[in-house]
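Student: Take this structure, written in structure tokens, and hold onto it; I'll ask about it next.
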Amino acid sequence: MSIKSNIEYVNELKNAAAEKSGRTGEDVLLVAVTKLHSPEEINEAIDAGVTDIGENKVQEILDKYDKVKPVRWHLIGHLQTNKVKYIIDKVCLIHSVDSLHLAKEIDKRAAQHDLTMDILVQVNSAEEESKFGVTTEETDQLIEDIAQQCPNVRIKGLMCIAPFEENPDDAKPYFAQVKKIYDKYAAKKTDRIDFSYLSMGMTNDFEAAIEEGSNLIRVGTAIFGYRDYRSEEK
């Protein structure tokens with residue numbers, strides 16, 4: 001199947017899941033995850049209607065940025081503080097903020113560029129040791145600390161990566177925990193806390209995530225096919 005037909009199929013599933021949760025497909029943003037995929041493939045996806053792409057690594061953004069058609073870039077992978085300066089003026093949203101230390105570096109670099117950087121706080125609701133993110137218990141404190149100490153950062157919501165489950169419905173409790181936190185802050189917007197995005201769901205579980213309230217899904221394999229990790233240098 002072509003990238004275009006894959007996108008159409010993902011959108012069909014997205015729309016159906018959104019309807020199950022009392023929304024429309026337009027209420028859920030599709031971010032195409034382009035890790036290890038070429039600028040040519042990314043441009044094909046953009047031609048097929050993709051408006052937002054997500055990269056896991058800063059270096060891939062830098063390598064592809066000038067070779068890709070106009071699109072909104074998201075940094076969705078773990079971000080090291082020493083890499084923030086390279087993408088602060090290139091991405092529209094950083095999904096993976098899990099410490100005040102990182103938020104302060106983002107704030108510093110955003111101030112240097114006279115901009116406000118939109119971020120998501122990454123929540124590890126399953127408390128998996130192999131994944132980054134704060135626990136659900138730590139989330140409130142991190143949100144409050146960032147809001148108080150980082151004037152050039154705007155918290156736009158939360159991000160979650162659920163454990164891989166053979167039955168995606170088994171991931172729903174992890175999504176539901178994060179949705180509960182999201183709803184609390186979405187109801188009390190301020191200049192620094194302006195929740196708009198609940199980034200949950202990937203190729204294996206995005207339908208379950210949408211049914212639990214996600215309004216942003218990060219899908220790569222279902223669009224581009226399996227990646228050749230042998231080509232990844234690091």
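Convention: chains lettered A, B, ... in structure tokens order; per-chain residue numbering from 1; ligands numbered from 1 as shown.
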Pick out the residues sitting within 12 Å of Asp66 in chain A, and hand them over as a PyMOL selection string; count only C-alpha atoms, and ignore anything fewer than 5 positions along from it in its own chain.

Tutor: chain A and resi 39-40+43+60-61+71+73+90

Student: Convert the current residue selection to file output with N, CA and C atoms, as a PDB file, in the first residue's frame.

Tutor:
ATOM      1  N   PRO A  39      13.342  12.307   3.621  1.00  0.00           N
ATOM      2  CA  PRO A  39      12.589  13.509   3.275  1.00  0.00           C
ATOM      3  C   PRO A  39      11.600  13.253   2.143  1.00  0.00           C
ATOM      4  N   GLU A  40      11.965  12.387   1.205  1.00  0.00           N
ATOM      5  CA  GLU A  40      11.065  12.074   0.096  1.00  0.00           C
ATOM      6  C   GLU A  40       9.782  11.417   0.595  1.00  0.00           C
ATOM      7  N   ASN A  43       7.719  14.076   2.419  1.00  0.00           N
ATOM      8  CA  ASN A  43       7.038  14.955   1.465  1.00  0.00           C
ATOM      9  C   ASN A  43       5.836  14.269   0.824  1.00  0.00           C
ATOM     10  N   GLU A  60      17.873  14.274  13.555  1.00  0.00           N
ATOM     11  CA  GLU A  60      17.047  13.983  12.377  1.00  0.00           C
ATOM     12  C   GLU A  60      16.274  15.222  11.936  1.00  0.00           C
ATOM     13  N   ILE A  61      15.836  16.031  12.879  1.00  0.00           N
ATOM     14  CA  ILE A  61      15.175  17.284  12.509  1.00  0.00           C
ATOM     15  C   ILE A  61      16.149  18.163  11.730  1.00  0.00           C
ATOM     16  N   VAL A  71       5.739  22.325   7.011  1.00  0.00           N
ATOM     17  CA  VAL A  71       5.009  21.414   7.881  1.00  0.00           C
ATOM     18  C   VAL A  71       5.302  21.823   9.317  1.00  0.00           C
ATOM     19  N   TRP A  73       6.659  20.857  12.864  1.00  0.00           N
ATOM     20  CA  TRP A  73       7.551  19.852  13.440  1.00  0.00           C
ATOM     21  C   TRP A  73       7.290  19.703  14.939  1.00  0.00           C
ATOM     22  N   LYS A  90      12.670  25.682  15.684  1.00  0.00           N
ATOM     23  CA  LYS A  90      12.242  24.848  14.557  1.00  0.00           C
ATOM     24  C   LYS A  90      10.984  24.031  14.821  1.00  0.00           C
TER      25      LYS A  90
END

Student: Give me the residues near Asn15 in chain A as JSON, numbers by chain, where near means some atom within 9 Å (using only C-alpha atoms) and where sequence neighbours in that chain fewer than 6 positions away do not count.

Tutor: {"A": [23, 24, 25, 26, 27, 28]}

Student: Among range 39-207 of chain A, which residues carry a DSSP assignment of strand (DSSP E or B), reported as a PyMOL selection string?

Tutor: chain A and resi 52-55+72-75+93-97+117-123+134+153-160+193-200

Student: From the options A:His74, A:Lys14, A:Lys184, A:Lys4, which residue's atoms come nearest to Gly201 in chain A, counting only C-alpha atoms?

Tutor: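 Closest residue, counting only C-alpha atoms: A:Lys14.
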
Student: Excluding same-chain residues fewer than 5 positions from Gln59 in chain A, what lies within 9 Å of it counting only C-alpha atoms, as an mmCIF file with N, CA, C and O atoms, in the first residue's frame?

Tutor:
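selection-v9.cif was written with the following content:
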data_model
loop_
_atom_site.group_PDB
_atom_site.id
_atom_site.type_symbol
_atom_site.label_atom_id
_atom_site.label_comp_id
_atom_site.auth_asym_id
_atom_site.auth_seq_id
_atom_site.Cartn_x
_atom_site.Cartn_y
_atom_site.Cartn_z
ATOM 1 N N LYS A 64 16.833 16.903 8.157
ATOM 2 C CA LYS A 64 15.715 16.893 7.213
ATOM 3 C C LYS A 64 15.038 18.250 7.038
ATOM 4 O O LYS A 64 14.283 18.446 6.075
ATOM 5 N N LYS A 83 20.818 19.756 23.708
ATOM 6 C CA LYS A 83 20.318 19.749 22.323
ATOM 7 C C LYS A 83 19.189 20.757 22.105
ATOM 8 O O LYS A 83 18.777 20.986 20.966
ATOM 9 N N TYR A 86 19.352 23.677 19.491
ATOM 10 C CA TYR A 86 19.348 23.405 18.058
ATOM 11 C C TYR A 86 17.946 23.386 17.447
ATOM 12 O O TYR A 86 17.800 23.577 16.230
#
